[in-house]
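First the structure, in the form of structure tokens, and then the observations on it.
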Amino acid sequence: MLDVRGLKKVYEGSGRRVEAVRDLTFTVGAGELVCLVGPSGCGKTTLLKCVGGLLAPTAGEVLLEGRQVTGPPPAMAFVFQEYGRSLFPWMRVRENVELPLKQKNLAKDRRRELVADALRSVDLADAAGAYPWQLSGGMQQRVAIARALAYEPRVLLMDEPFAAVDAQTRADLEDLVRRLWRERAITILFVTHDIDEAVYLGERVVVLSASPTVVQEQLKVDLPDERDQLHTRVAPRFAELRTHVYEQIQAAKRGGGTTKSDAPQPL
Amino acid sequence: MRRFLLRLVFVVALPVVLLAVWWLASDDSTDVYWPPLRTILKTFPDVWTAERLRTDAFPSVLRLAAGYATAAVTGVALGTVIGSHRRVRAVCEPVMEFLRAVPPPVLIPVIMLFAGIGDTMKVVVIASGCVWPILLNTVEGVRAVDSVMADTARSYGITGAARLRHVVLRSASPQIFAGLRQGLSIGIILMVISEMFAASSGLGFTVVQFQRGFAIPDMWTGILVLGLLGFLLSVLFQLVERRVLGWYHGLRASTRRSR
Ligand SMILES: Nc1ncnc2c1ncn2[C@@H]1O[C@H](COP(=O)(O)OP(=O)(O)OP(=O)(O)O)[C@@H](O)[C@H]1O
Ligand SMILES: [Mg+2]
């Protein structure tokens with residue numbers, strides 16, 4: 001479904017040259033939920049923007065269903081890290097979800113149907129008439145997810161969507177993502193710096209090294225399909241997997257040699 | 001209802017006090033240039049008849065409307081173009097700064113040379129004065145569109161006219177309105193000044209005419225009318241702004257609360 005080959009991104013500007021991503025190669029199969037985990041500042045957002053066609057890579061390429069991505073493809077939807085700045089504050093929730101659909105030239109009835117369905121999926125049918133800034137952080141991120149769902153993407157890109165919400169809300173939102181993924185059979189590429197989150201959500205975890213970024217390891221998560229916050233997180237297999245990912249990240253930092261000293265300890 | 005009444009009291013309290021002070025201070029004035037407010041108010045209905053409003057106030061307002069509308073459309077359109085292209089901005093910025101620094105009344109004699117002394121001249125003068133704050137604020141507002149919002153728009157295929165209408169202009173609207181507000185007060189000033197130069201009708205013309213004929217209380221009534229006009233336009237502006245920028249005031253209030 002999604003092929004990332006030899007991706008490299010160097011930011012140049014104002015005399016500074018930042019190699020955010022050095023060389024990334026991985027694939028995401030159709031209908032898969034893959035989590036990308038890496039330390040803060042390792043270039044996760046950069047990678048996702050390249051995948052989503054928002055940034056042109058310096059080298060390498062991204063293929064969506066075999067076709068090279070050169071601009072944002074209509075089959076992809078993006079959920080951004082900064083939900084507060086990603087929803088338009090001058091539009092009500094309903095209009096925020098509907099605007100991309102208008103661009104797709106869908107008929108009015110179809111649009112209304114999609115909006116209502118997406119808002120219902122994230123449990124926000126009542127908030128359709130509210131402005132985003134009247135909602136809590138978790139609700140705003142759900143609106144952003146609803147907007148992505150209504151767009152009917154085949155691939156959903158999520159950039160640390162829950163980094164800024166409280167732990168309880170975060171757990172709920174994680175379950176929401178698992179549920180939507182299973183109900184709608186979308187391919188999801190989910191970026192996070194939280195190892196637990198990556199293992200809990202993913203079918204597969206791609207571990208990134210610290211900057212300059214390469215793929216450190218890919219790991220299949222052989223937890224049961226049916227997961228819940230209470231039992232999955234205390235399962236012995238879960239603990240093994242997260243310990244493994246943790247060690248990989250530590251190794252990446254030691255081996256990399258260019259480790260940033262201010263990178264936070266995972267969890 | 002009670003809150004509304006209370007607000008009304010707040011709004012009218014100071015004007016009433018000031019008028020009372022004016023009334024008392026000028027009550028036994030014998031100075032010709034400084035007649036008692038009583039006399040001014042008594043003259044008012046005689047001067048500002050329906051006929052006079054039609055021949056003098058109405059043309060003034062019409063010129064202001066034409067000039068202001070021209071300035072608003074040009075300012076927002078040009079500002080959007082300049083604000084969205086870095087290269088164009090680099091070329092235009094020094095010129096804009098220079099033109100903005102020229103006091104608009106200075107342009108009146110120049111504009112008279114090629115626009116004559118008719119209504120066109122006045123409209124051009126008003127427009128050329130109010131366009132600057134509108135233009136510069138639009139440039140700033142368009143330029144400051146949030147990068148995450150811009151990425152969001154792009155990733156959801158919101159481009160071209162839709163992007164301009166639903167994202168860029170909306171996001172810049174608080175700045176644009178700040179410019180429009182400044183433009184409006186400049187416009188009123190220029191309306192009066194342009195009518196003092198070469199005119200046969202208008203509020204500015206009337207005031208000067210009274211002053212030359214030593215009809216001092218009449219002159220003061222003209223000044224009162226100008227003040228009232230300015231006040232009325234500002235109230236109208238606020239009503240429109242409240243509607244268009246309702247989201248912005250709500251957003252600001254909510255970020256203030258959460259801090
Ligand atoms: N527009 C840009 N210009 C120059 N350098 C940039 C730009 N965007 C990001 N960088 C740099 O690239 C590196 C990776 O940034 P990126 O935002 O992709 O990391 P991240 O993994 O998403 O971080 P976080 O976990 O904080 O979200 C950082 O060193 C950053 O300073
Ligand atoms: Mg990021």
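Every chain in the structure tokens takes a letter, A first, then B, and so on in the order presented; its residues are numbered from 1, and the ligands are numbered from 1 following the presented order.
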Open item on the list: Just want the 9 Å neighbourhood of Ser26 in chain B, counted on only C-alpha atoms, with same-chain residues fewer than 3 positions away dropped. Output as a PyMOL selection string.
Closed with: chain B and resi 21-23+29-30+34-38
- [ ] Up to 6 Å from chain B, what residues of chain A turn up? Count only C-alpha atoms and give them as a ChimeraX atom specification.
- [x] /A:72,85-86,90,100,133
What does the file look like for those residues with N, CA and C atoms, as a PDB file, in the first residue's frame?
ATOM      1  N   PRO A  72      -0.161  16.202  -1.882  1.00  0.00           N
ATOM      2  CA  PRO A  72      -1.114  15.488  -1.015  1.00  0.00           C
ATOM      3  C   PRO A  72      -2.122  14.670  -1.834  1.00  0.00           C
ATOM      4  N   ARG A  85      -4.209  24.111  16.344  1.00  0.00           N
ATOM      5  CA  ARG A  85      -3.928  24.961  15.197  1.00  0.00           C
ATOM      6  C   ARG A  85      -4.338  24.302  13.886  1.00  0.00           C
ATOM      7  N   SER A  86      -4.907  23.117  13.986  1.00  0.00           N
ATOM      8  CA  SER A  86      -5.260  22.413  12.759  1.00  0.00           C
ATOM      9  C   SER A  86      -6.744  22.551  12.414  1.00  0.00           C
ATOM     10  N   TRP A  90     -12.715  29.684  12.950  1.00  0.00           N
ATOM     11  CA  TRP A  90     -13.844  30.488  12.477  1.00  0.00           C
ATOM     12  C   TRP A  90     -14.968  29.626  11.921  1.00  0.00           C
ATOM     13  N   PRO A 100     -13.414  19.928   3.565  1.00  0.00           N
ATOM     14  CA  PRO A 100     -12.666  19.095   2.601  1.00  0.00           C
ATOM     15  C   PRO A 100     -13.590  18.348   1.641  1.00  0.00           C
ATOM     16  N   TRP A 133     -12.975  25.975  19.676  1.00  0.00           N
ATOM     17  CA  TRP A 133     -12.408  26.521  20.911  1.00  0.00           C
ATOM     18  C   TRP A 133     -13.373  26.432  22.090  1.00  0.00           C
TER      19      TRP A 133
END
Open item on the list: What residues of the protein or nucleic acid chains come within 6 Å of ligand 1 when you use only C-alpha atoms and all ligand atoms? Reply as a VMD selection string.
Closed with: chain A and resid 11 18 20 40 to 46
Kindly export the residues of the current selection with N, CA and C atoms, as an mmCIF file, in the first residue's frame.
data_model
loop_
_atom_site.group_PDB
_atom_site.id
_atom_site.type_symbol
_atom_site.label_atom_id
_atom_site.label_comp_id
_atom_site.auth_asym_id
_atom_site.auth_seq_id
_atom_site.Cartn_x
_atom_site.Cartn_y
_atom_site.Cartn_z
ATOM 1 N N TYR A 11 16.880 19.861 5.763
ATOM 2 C CA TYR A 11 16.373 21.238 5.763
ATOM 3 C C TYR A 11 17.547 22.170 5.533
ATOM 4 N N VAL A 18 20.131 21.111 8.452
ATOM 5 C CA VAL A 18 19.684 20.097 9.402
ATOM 6 C C VAL A 18 19.298 18.836 8.642
ATOM 7 N N ALA A 20 17.345 16.027 8.956
ATOM 8 C CA ALA A 20 16.302 15.536 9.852
ATOM 9 C C ALA A 20 16.123 14.032 9.691
ATOM 10 N N SER A 40 11.973 12.167 20.749
ATOM 11 C CA SER A 40 11.517 13.499 20.389
ATOM 12 C C SER A 40 12.565 14.185 19.510
ATOM 13 N N GLY A 41 12.096 14.805 18.432
ATOM 14 C CA GLY A 41 13.009 15.547 17.581
ATOM 15 C C GLY A 41 13.757 14.704 16.569
ATOM 16 N N CYS A 42 13.379 13.432 16.425
ATOM 17 C CA CYS A 42 14.134 12.563 15.521
ATOM 18 C C CYS A 42 13.646 12.672 14.081
ATOM 19 N N GLY A 43 12.646 13.479 13.841
ATOM 20 C CA GLY A 43 12.217 13.674 12.457
ATOM 21 C C GLY A 43 10.938 12.942 12.107
ATOM 22 N N LYS A 44 10.122 12.645 13.103
ATOM 23 C CA LYS A 44 8.895 11.897 12.843
ATOM 24 C C LYS A 44 7.912 12.742 12.025
ATOM 25 N N THR A 45 7.748 14.008 12.445
ATOM 26 C CA THR A 45 6.842 14.882 11.715
ATOM 27 C C THR A 45 7.337 15.083 10.287
ATOM 28 N N THR A 46 8.637 15.279 10.159
ATOM 29 C CA THR A 46 9.238 15.451 8.835
ATOM 30 C C THR A 46 8.917 14.256 7.947
#
Open item on the list: Taking only C-alpha atoms and all ligand atoms into account, which residues have an atom no farther than 12 Å from ligand 2? I'd like them as an NGL selection string.
Closed with: (:A and (20 or 36-49 or 79-82 or 158-164 or 190-193)) or (:B and (148))
Those residues you just picked out, can you put them in a file as a compact mmCIF listing (two decimals), in the first residue's frame with N, CA, C and O atoms?
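Output saved as again-v3.txt:
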# COMPACT_ATOMS: atom_id res chain seq x y z
N ALA A 20 17.35 16.03 8.96
CA ALA A 20 16.30 15.54 9.85
C ALA A 20 16.12 14.03 9.69
O ALA A 20 15.96 13.31 10.67
N LEU A 36 5.02 4.20 14.28
CA LEU A 36 6.41 4.63 14.18
C LEU A 36 6.76 5.23 15.52
O LEU A 36 6.10 6.15 15.99
N VAL A 37 7.82 4.71 16.14
CA VAL A 37 8.18 5.28 17.42
C VAL A 37 9.63 5.74 17.35
O VAL A 37 10.47 5.09 16.73
N GLY A 38 9.89 6.87 17.96
CA GLY A 38 11.24 7.41 17.94
C GLY A 38 11.33 8.52 18.94
O GLY A 38 10.32 9.10 19.32
N PRO A 39 12.54 8.85 19.37
CA PRO A 39 12.69 9.90 20.37
C PRO A 39 12.24 11.26 19.84
O PRO A 39 12.15 11.47 18.64
N SER A 40 11.97 12.17 20.75
CA SER A 40 11.52 13.50 20.39
C SER A 40 12.56 14.18 19.51
O SER A 40 13.75 14.12 19.80
N GLY A 41 12.10 14.80 18.43
CA GLY A 41 13.01 15.55 17.58
C GLY A 41 13.76 14.70 16.57
O GLY A 41 14.67 15.18 15.91
N CYS A 42 13.38 13.43 16.43
CA CYS A 42 14.13 12.56 15.52
C CYS A 42 13.65 12.67 14.08
O CYS A 42 14.16 12.01 13.20
N GLY A 43 12.65 13.48 13.84
CA GLY A 43 12.22 13.67 12.46
C GLY A 43 10.94 12.94 12.11
O GLY A 43 10.67 12.68 10.94
N LYS A 44 10.12 12.65 13.10
CA LYS A 44 8.89 11.90 12.84
C LYS A 44 7.91 12.74 12.02
O LYS A 44 7.32 12.27 11.05
N THR A 45 7.75 14.01 12.45
CA THR A 45 6.84 14.88 11.71
C THR A 45 7.34 15.08 10.29
O THR A 45 6.56 15.06 9.33
N THR A 46 8.64 15.28 10.16
CA THR A 46 9.24 15.45 8.84
C THR A 46 8.92 14.26 7.95
O THR A 46 8.47 14.41 6.80
N LEU A 47 9.12 13.06 8.48
CA LEU A 47 8.86 11.84 7.72
C LEU A 47 7.39 11.79 7.28
O LEU A 47 7.09 11.53 6.12
N LEU A 48 6.51 12.07 8.23
CA LEU A 48 5.09 11.96 7.92
C LEU A 48 4.66 12.99 6.87
O LEU A 48 3.83 12.72 6.01
N LYS A 49 5.27 14.18 6.95
CA LYS A 49 4.93 15.20 5.96
C LYS A 49 5.42 14.79 4.58
O LYS A 49 4.77 15.09 3.57
N VAL A 79 -3.85 13.68 10.40
CA VAL A 79 -4.24 14.22 11.71
C VAL A 79 -2.98 14.80 12.34
O VAL A 79 -2.01 14.08 12.55
N PHE A 80 -3.01 16.09 12.63
CA PHE A 80 -1.78 16.77 13.03
C PHE A 80 -1.55 16.73 14.54
O PHE A 80 -2.48 16.55 15.33
N GLN A 81 -0.29 16.92 14.88
CA GLN A 81 0.12 16.95 16.28
C GLN A 81 -0.55 18.11 17.02
O GLN A 81 -1.03 17.94 18.13
N GLU A 82 -0.60 19.26 16.38
CA GLU A 82 -1.14 20.44 17.06
C GLU A 82 -2.61 20.61 16.69
O GLU A 82 -2.94 21.38 15.80
N MET A 158 -1.26 9.78 11.20
CA MET A 158 -1.52 10.45 12.47
C MET A 158 -0.19 10.80 13.14
O MET A 158 0.64 9.94 13.40
N ASP A 159 0.00 12.10 13.41
CA ASP A 159 1.25 12.58 13.95
C ASP A 159 1.10 12.88 15.44
O ASP A 159 0.57 13.93 15.80
N GLU A 160 1.57 12.00 16.29
CA GLU A 160 1.46 12.17 17.74
C GLU A 160 0.15 12.84 18.13
O GLU A 160 0.15 13.88 18.79
N PRO A 161 -0.96 12.26 17.74
CA PRO A 161 -2.23 12.99 17.93
C PRO A 161 -2.60 13.16 19.40
O PRO A 161 -3.37 14.06 19.73
N PHE A 162 -2.05 12.33 20.26
CA PHE A 162 -2.51 12.38 21.66
C PHE A 162 -1.42 12.87 22.61
O PHE A 162 -1.51 12.68 23.82
N ALA A 163 -0.39 13.49 22.06
CA ALA A 163 0.73 13.91 22.90
C ALA A 163 0.32 14.97 23.91
O ALA A 163 0.92 15.11 24.96
N ALA A 164 -0.72 15.74 23.57
CA ALA A 164 -1.03 16.90 24.42
C ALA A 164 -2.30 16.74 25.25
O ALA A 164 -2.81 17.71 25.77
N PHE A 190 0.80 5.54 12.33
CA PHE A 190 0.61 6.30 13.56
C PHE A 190 1.98 6.61 14.15
O PHE A 190 2.76 5.71 14.45
N VAL A 191 2.27 7.88 14.32
CA VAL A 191 3.58 8.29 14.85
C VAL A 191 3.45 8.64 16.32
O VAL A 191 2.48 9.28 16.74
N THR A 192 4.41 8.21 17.12
CA THR A 192 4.38 8.55 18.55
C THR A 192 5.79 8.51 19.11
O THR A 192 6.70 7.95 18.51
N HIS A 193 5.98 9.16 20.25
CA HIS A 193 7.27 8.98 20.91
C HIS A 193 7.09 8.11 22.16
O HIS A 193 8.02 7.87 22.91
N VAL B 148 0.47 25.38 10.47
CA VAL B 148 -0.27 24.13 10.61
C VAL B 148 -1.60 24.22 9.85
O VAL B 148 -2.01 23.28 9.17
Task: Computed interatomic separation between CA of Ala77 in chain A and CA of Leu157 in chain A (Å) - done: 6.1 Å
Open item on the list: I need the residues in range 11-244 of chain B that are alpha helix (DSSP H) according to DSSP; give them as a ChimeraX atom specification.
Closed with: /B:11-26,37-47,50-52,58-84,86-101,104-115,119-143,147-155,160-163,169-197,203-212,216-244
Per residue of range 82-183 of chain B within 10 Å of range 222-239 of chain B, what are the shortest atom pair and its distance in Å to one decimal, counting only C-alpha atoms, with rows by chain and residue number, as a Markdown table?
| residue | atom | partner | partner_atom | distance |
| --- | --- | --- | --- | --- |
| B:Phe177 | CA | B:Phe237 | CA | 9.4 |
| B:Leu180 | CA | B:Phe237 | CA | 9.1 |
| B:Arg181 | CA | B:Phe237 | CA | 7.6 |
- [ ] Please identify all polymer residues within 6 Å of range 212-218 of chain A, counting only C-alpha atoms, omitting same-chain residues fewer than 6 positions from it, and present them as a ChimeraX atom specification.
- [x] /A:20-24,205-206
Open item on the list: Excluding range 77-93 of chain B and its own-chain neighbours fewer than 4 positions away, which residues fall within 12 Å of it when counting only C-alpha atoms? Please give them as a ChimeraX atom specification.
Closed with: /B:70-73,97-100,131-145,150,163-165,168-173,175-176,179
Open item on the list: Could you tell me how far CA of Arg67 in chain A sits from CA of Leu201 in chain A, in Å to one decimal place?
Closed with: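 Result for CA of Leu201 in chain A versus CA of Arg67 in chain A: 27.7 Å, one decimal.
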